[in-house]
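J.: The following file, upload-v1.pdb, comprises PDB, C-alpha atoms:
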```
ATOM      1  CA  MET A 114     141.740  24.949 265.598
ATOM      2  CA  ILE A 115     138.811  22.534 265.130
ATOM      3  CA  HIS A 116     140.222  20.279 267.855
ATOM      4  CA  SER A 117     140.273  23.141 270.385
ATOM      5  CA  HIS A 118     136.750  24.257 269.431
ATOM      6  CA  LEU A 119     135.411  20.733 269.844
ATOM      7  CA  THR A 120     137.111  20.455 273.237
ATOM      8  CA  ILE A 121     135.538  23.738 274.374
ATOM      9  CA  PHE A 122     132.143  22.592 273.062
ATOM     10  CA  ALA A 123     132.372  19.333 275.024
ATOM     11  CA  LYS A 124     133.459  21.174 278.165
ATOM     12  CA  HIS A 125     130.275  23.258 278.074
ATOM     13  CA  ASN A 126     127.983  20.384 277.019
ATOM     14  CA  ASN A 127     128.592  17.656 279.613
ATOM     15  CA  GLY A 128     131.380  16.013 277.624
ATOM     16  CA  THR A 129     129.326  15.482 274.467
ATOM     17  CA  TYR A 130     130.501  16.502 271.012
ATOM     18  CA  PRO A 131     128.330  17.945 268.241
ATOM     19  CA  ASP A 132     126.599  15.634 265.780
ATOM     20  CA  ARG A 133     126.800  18.307 263.075
ATOM     21  CA  ILE A 134     129.433  20.924 262.222
ATOM     22  CA  LEU A 135     128.579  23.913 260.044
ATOM     23  CA  ILE A 136     131.460  25.846 258.509
ATOM     24  CA  PHE A 137     130.927  29.179 256.782
ATOM     25  CA  ARG A 138     133.965  30.283 254.790
ATOM     26  CA  ASP A 139     134.690  33.675 253.280
ATOM     27  CA  GLY A 140     137.454  34.873 250.980
ATOM     28  CA  ILE A 141     137.503  31.976 248.519
ATOM     29  CA  SER A 142     137.354  32.427 244.760
ATOM     30  CA  GLU A 143     135.562  29.917 242.544
ATOM     31  CA  GLY A 144     138.843  28.399 241.395
ATOM     32  CA  GLN A 145     139.724  27.535 244.991
ATOM     33  CA  TYR A 146     136.519  25.634 245.843
ATOM     34  CA  ALA A 147     137.821  22.106 245.143
ATOM     35  CA  PRO A 148     141.206  22.422 246.898
ATOM     36  CA  VAL A 149     139.705  24.231 249.890
ATOM     37  CA  LEU A 150     136.961  21.617 250.206
ATOM     38  CA  ALA A 151     139.443  18.746 250.026
ATOM     39  CA  TYR A 152     141.911  20.279 252.488
ATOM     40  CA  GLU A 153     139.483  21.689 255.049
ATOM     41  CA  ASN A 154     137.100  18.740 255.072
ATOM     42  CA  ASP A 155     140.034  16.384 255.593
ATOM     43  CA  ALA A 156     141.380  18.608 258.400
ATOM     44  CA  VAL A 157     138.024  18.546 260.196
ATOM     45  CA  ILE A 158     137.743  14.763 259.866
ATOM     46  CA  ARG A 159     141.303  14.296 261.201
ATOM     47  CA  ALA A 160     140.600  16.640 264.148
ATOM     48  CA  CYS A 161     137.448  14.666 264.987
ATOM     49  CA  ALA A 162     139.360  11.380 264.853
ATOM     50  CA  LYS A 163     141.922  12.798 267.330
ATOM     51  CA  ILE A 164     139.129  13.691 269.734
ATOM     52  CA  LYS A 165     137.648  10.202 269.949
ATOM     53  CA  ASP A 166     137.865   6.980 267.935
ATOM     54  CA  GLY A 167     134.866   6.636 265.672
ATOM     55  CA  TYR A 168     133.720  10.232 266.172
ATOM     56  CA  ARG A 169     132.572  11.507 262.785
ATOM     57  CA  PRO A 170     129.987  14.316 262.783
ATOM     58  CA  LYS A 171     128.112  15.358 259.661
ATOM     59  CA  ILE A 172     129.657  18.423 258.044
ATOM     60  CA  LEU A 173     128.256  21.324 256.030
ATOM     61  CA  ILE A 174     130.723  23.703 254.340
ATOM     62  CA  CYS A 175     129.304  26.858 252.821
ATOM     63  CA  VAL A 176     131.260  29.603 251.056
ATOM     64  CA  CYS A 177     130.089  33.218 251.376
ATOM     65  CA  ALA A 178     131.122  35.616 248.612
ATOM     66  CA  LYS A 179     130.610  39.378 248.489
ATOM     67  CA  ARG A 180     133.090  40.133 245.705
ATOM     68  CA  HIS A 181     130.845  39.809 242.687
ATOM     69  CA  SER A 182     128.948  42.199 240.452
ATOM     70  CA  THR A 183     125.450  40.701 240.759
ATOM     71  CA  ARG A 184     122.717  43.144 241.815
ATOM     72  CA  PHE A 185     118.954  42.798 241.963
ATOM     73  CA  PHE A 186     116.415  45.489 241.182
ATOM     74  CA  GLY A 187     112.662  45.678 241.642
ATOM     75  CA  ASP A 188     109.817  47.824 240.442
ATOM     76  CA  GLN A 189     108.207  50.538 242.561
ATOM     77  CA  TYR A 190     106.159  48.002 244.532
ATOM     78  CA  ASP A 191     109.127  45.826 245.506
ATOM     79  CA  ILE A 192     111.533  48.464 246.798
ATOM     80  CA  ASP A 193     111.926  50.314 250.086
ATOM     81  CA  VAL A 194     112.499  54.039 250.636
ATOM     82  CA  SER A 195     116.212  53.735 249.762
ATOM     83  CA  GLY A 196     115.366  52.141 246.405
ATOM     84  CA  ASN A 197     116.635  48.702 247.426
ATOM     85  CA  LEU A 198     114.764  45.438 247.626
ATOM     86  CA  HIS A 199     113.643  44.464 251.108
ATOM     87  CA  ALA A 200     115.904  42.620 253.539
ATOM     88  CA  GLY A 201     115.518  38.862 253.344
ATOM     89  CA  LEU A 202     115.497  38.613 249.553
ATOM     90  CA  VAL A 203     116.614  35.179 248.322
ATOM     91  CA  VAL A 204     117.324  34.371 244.685
ATOM     92  CA  ASP A 205     117.978  30.695 244.040
ATOM     93  CA  GLN A 206     116.862  30.357 240.415
ATOM     94  CA  GLY A 207     117.716  31.939 237.095
ATOM     95  CA  VAL A 208     121.102  33.490 237.918
ATOM     96  CA  THR A 209     122.457  30.648 240.054
ATOM     97  CA  HIS A 210     124.443  27.617 238.928
ATOM     98  CA  PRO A 211     122.237  24.976 237.282
ATOM     99  CA  TYR A 212     123.699  22.085 239.312
ATOM    100  CA  ALA A 213     125.344  23.592 242.384
ATOM    101  CA  PHE A 214     123.622  24.221 245.721
ATOM    102  CA  ASP A 215     123.916  28.023 245.721
ATOM    103  CA  PHE A 216     121.819  31.126 246.273
ATOM    104  CA  PHE A 217     122.048  34.890 246.612
ATOM    105  CA  MET A 218     120.713  36.504 249.771
ATOM    106  CA  GLN A 219     120.251  40.163 250.548
ATOM    107  CA  SER A 220     119.743  39.730 254.269
ATOM    108  CA  HIS A 221     120.395  43.363 255.138
ATOM    109  CA  GLN A 222     118.559  46.602 254.535
ATOM    110  CA  GLY A 223     120.420  48.690 251.966
ATOM    111  CA  ARG A 224     121.053  52.187 253.266
ATOM    112  CA  VAL A 225     122.456  54.158 250.351
ATOM    113  CA  GLY A 226     123.037  53.014 246.790
ATOM    114  CA  THR A 227     122.357  49.525 245.561
ATOM    115  CA  ALA A 228     122.700  46.782 248.163
ATOM    116  CA  ARG A 229     125.017  43.915 247.261
ATOM    117  CA  PRO A 230     123.649  40.440 248.037
ATOM    118  CA  THR A 231     125.909  37.714 249.380
ATOM    119  CA  HIS A 232     126.428  34.652 247.196
ATOM    120  CA  TYR A 233     126.326  31.448 249.257
ATOM    121  CA  VAL A 234     127.670  28.233 247.716
ATOM    122  CA  CYS A 235     127.273  25.003 249.648
ATOM    123  CA  LEU A 236     130.368  22.930 248.853
ATOM    124  CA  LEU A 237     129.527  20.000 251.108
ATOM    125  CA  ASP A 238     126.239  18.997 252.740
ATOM    126  CA  GLU A 239     126.387  15.762 254.701
ATOM    127  CA  ILE A 240     123.635  17.025 257.001
ATOM    128  CA  GLY A 241     121.012  16.936 254.268
ATOM    129  CA  VAL A 242     119.416  20.344 254.758
ATOM    130  CA  SER A 243     117.025  21.577 252.102
ATOM    131  CA  PRO A 244     117.804  24.843 250.310
ATOM    132  CA  ASP A 245     114.919  26.527 252.153
ATOM    133  CA  GLU A 246     116.229  25.361 255.548
ATOM    134  CA  LEU A 247     119.743  26.621 254.840
ATOM    135  CA  GLN A 248     118.414  29.941 253.557
ATOM    136  CA  ARG A 249     116.249  30.430 256.670
ATOM    137  CA  MET A 250     119.150  29.527 258.934
ATOM    138  CA  VAL A 251     121.554  31.908 257.153
ATOM    139  CA  HIS A 252     119.012  34.723 257.280
ATOM    140  CA  SER A 253     118.404  34.122 260.995
ATOM    141  CA  LEU A 254     122.148  34.078 261.691
ATOM    142  CA  CYS A 255     122.499  37.475 259.988
ATOM    143  CA  TYR A 256     120.475  38.953 262.880
ATOM    144  CA  THR A 257     122.911  37.677 265.529
ATOM    145  CA  PHE A 258     125.854  40.036 264.993
ATOM    146  CA  ALA A 259     126.417  41.632 268.400
ATOM    147  CA  ARG A 260     127.710  44.939 267.049
ATOM    148  CA  CYS A 261     124.558  45.715 265.062
ATOM    149  CA  THR A 262     120.873  46.027 265.960
ATOM    150  CA  LYS A 263     119.709  45.050 262.461
ATOM    151  CA  SER A 264     120.600  42.239 260.121
ATOM    152  CA  VAL A 265     124.000  42.271 258.430
ATOM    153  CA  SER A 266     124.873  41.290 254.875
ATOM    154  CA  LEU A 267     127.077  38.319 255.741
ATOM    155  CA  VAL A 268     126.922  35.464 258.254
ATOM    156  CA  PRO A 269     128.415  37.001 261.443
ATOM    157  CA  VAL A 270     131.060  34.297 261.933
ATOM    158  CA  CYS A 271     132.690  35.553 258.730
ATOM    159  CA  TYR A 272     132.608  39.156 259.977
ATOM    160  CA  ILE A 273     134.163  38.109 263.275
ATOM    161  CA  ALA A 274     136.867  36.058 261.530
ATOM    162  CA  GLY A 275     137.674  39.061 259.345
ATOM    163  CA  LYS A 276     137.969  41.350 262.363
ATOM    164  CA  LEU A 277     140.259  38.884 264.137
ATOM    165  CA  ILE A 278     142.552  38.268 261.193
ATOM    166  CA  LEU A 279     143.351  41.916 260.345
ATOM    167  CA  PRO A 280     145.659  42.578 263.324
ATOM    168  CA  ILE A 281     147.403  39.252 262.724
ATOM    169  CA  TYR A 282     147.789  40.056 259.028
ATOM    170  CA  ASP A 283     149.224  43.490 259.849
ATOM    171  CA  TRP A 284     151.660  41.969 262.339
ATOM    172  CA  CYS A 285     152.858  39.355 259.839
ATOM    173  CA  ILE A 286     153.377  41.913 257.079
ATOM    174  CA  ASN A 287     155.153  44.342 259.405
ATOM    175  CA  GLU A 288     157.341  41.530 260.734
ATOM    176  CA  LEU A 289     158.335  40.565 257.188
ATOM    177  CA  MET A 290     158.970  44.169 256.157
ATOM    178  CA  THR A 291     161.430  44.746 259.006
ATOM    179  CA  ARG A 292     163.687  41.887 257.929
ATOM    180  CA  PRO A 293     166.903  42.962 256.215
ATOM    181  CA  GLY A 294     167.105  42.577 252.462
ATOM    182  CA  LEU A 295     163.378  43.009 251.742
ATOM    183  CA  PRO A 296     162.125  46.007 249.750
ATOM    184  CA  GLU A 297     160.310  48.762 251.682
ATOM    185  CA  SER A 298     156.560  49.079 251.162
ATOM    186  CA  LYS A 299     154.331  51.807 252.535
ATOM    187  CA  ASP A 300     150.956  50.272 251.689
ATOM    188  CA  HIS A 301     151.049  46.530 252.274
ATOM    189  CA  ARG A 302     147.309  45.922 251.715
ATOM    190  CA  SER A 303     147.099  46.933 248.079
TER     191      SER A 303
END
```
Using structure tokens, write down the structure from this file.
T.:
Amino acid sequence: MIHSHLTIFAKHNNGTYPDRILIFRDGISEGQYAPVLAYENDAVIRACAKIKDGYRPKILICVCAKRHSTRFFGDQYDIDVSGNLHAGLVVDQGVTHPYAFDFFMQSHQGRVGTARPTHYVCLLDEIGVSPDELQRMVHSLCYTFARCTKSVSLVPVCYIAGKLILPIYDWCINELMTRPGLPESKDHRS
């Protein structure tokens, strides 16, 4: 997949390849960080080597997690009309890992109930961005989702990947369930 994306990039950029590759990854639990980093970073490096000898861009891999129970609350001066903190909130001290490059961002405006911030964990940073630069970039990216006129809670590439994978997931499950000898299941997403 990386190989085809790099080829498309070069086609639209006069045959040049990117100097930096940013990968945002969703759906990874904390216990999977090390194996995912090792496998995916190696896959990207191998794809780059296939493109051109000596081609080795700098890579940033950042995990986005929404499945956590962390919430942030403010006093009457810090909240909006829905009772949530304002969009753009970043928390990178106190509740974050003492050594890891991670932060919580509530990039969206909470509509009803308590808004859930996204937890971003930078697994690999060869580019050398500062925490403030990455936070600004992530917040800016959250305004680029084409299906929404406001900011969204997660980097849009993760939303798009999720939308693309659901029909494929359904097809795979349905294909497996129609094979003889397998038990019937009515709800395959539970």
J.: Residues within 9 Å of segment 244-261 of chain A, please, as a VMD selection string. Count only C-alpha atoms; anything in the same chain fewer than 4 positions from it doesn't count.
T.: chain A and resid 201 203 205 214 to 216 218 to 221 265 to 270 272 to 273
J.: Please write as a ChimeraX atom specification the full residue list that the PyMOL selection byres ((chain A and resi 122-138) around 6) yields on this file.
T.: /A:119-121,139,170-177
J.: Pick out the closest residue to His210 of chain A from this set: A:Trp284, A:Ala162, A:Glu143, A:Arg180. Count all atoms listed in the file.
T.: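 Looking at the shortest contact to His210 of chain A, the residue is A:Glu143.
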J.: Pick from A:Cys235, A:Pro211, A:Asn287, A:Ser264: nearest to His199 of chain A, with all atoms listed in the file counted?
T.: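 Smallest distance to His199 of chain A is found for A:Ser264.
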J.: On this structure, which residues satisfy the PyMOL selection byres ((chain A and resi 153) around 12), written as a list in words?
T.: Met114, Ile115, Ile136, Phe137, Arg138, Gln145, Tyr146, Ala147, Pro148, Val149, Leu150, Ala151, Tyr152, Asn154, Asp155, Ala156, Val157, Ile158, Arg159, Ala160, Ile172, Leu173, Ile174, Cys175, Leu236 and Leu237 of chain A
J.: I'd like the interatomic distance between atom CA of His116 of chain A and atom CA of Ile164 of chain A, to a tenth of an Å.
T.: 6.9 Å
J.: Which distance in Å separates atom CA of Arg169 of chain A and atom CA of Ala274 of chain A, to one decimal?
T.: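 Here the two named atoms are 25.0 Å from each other.
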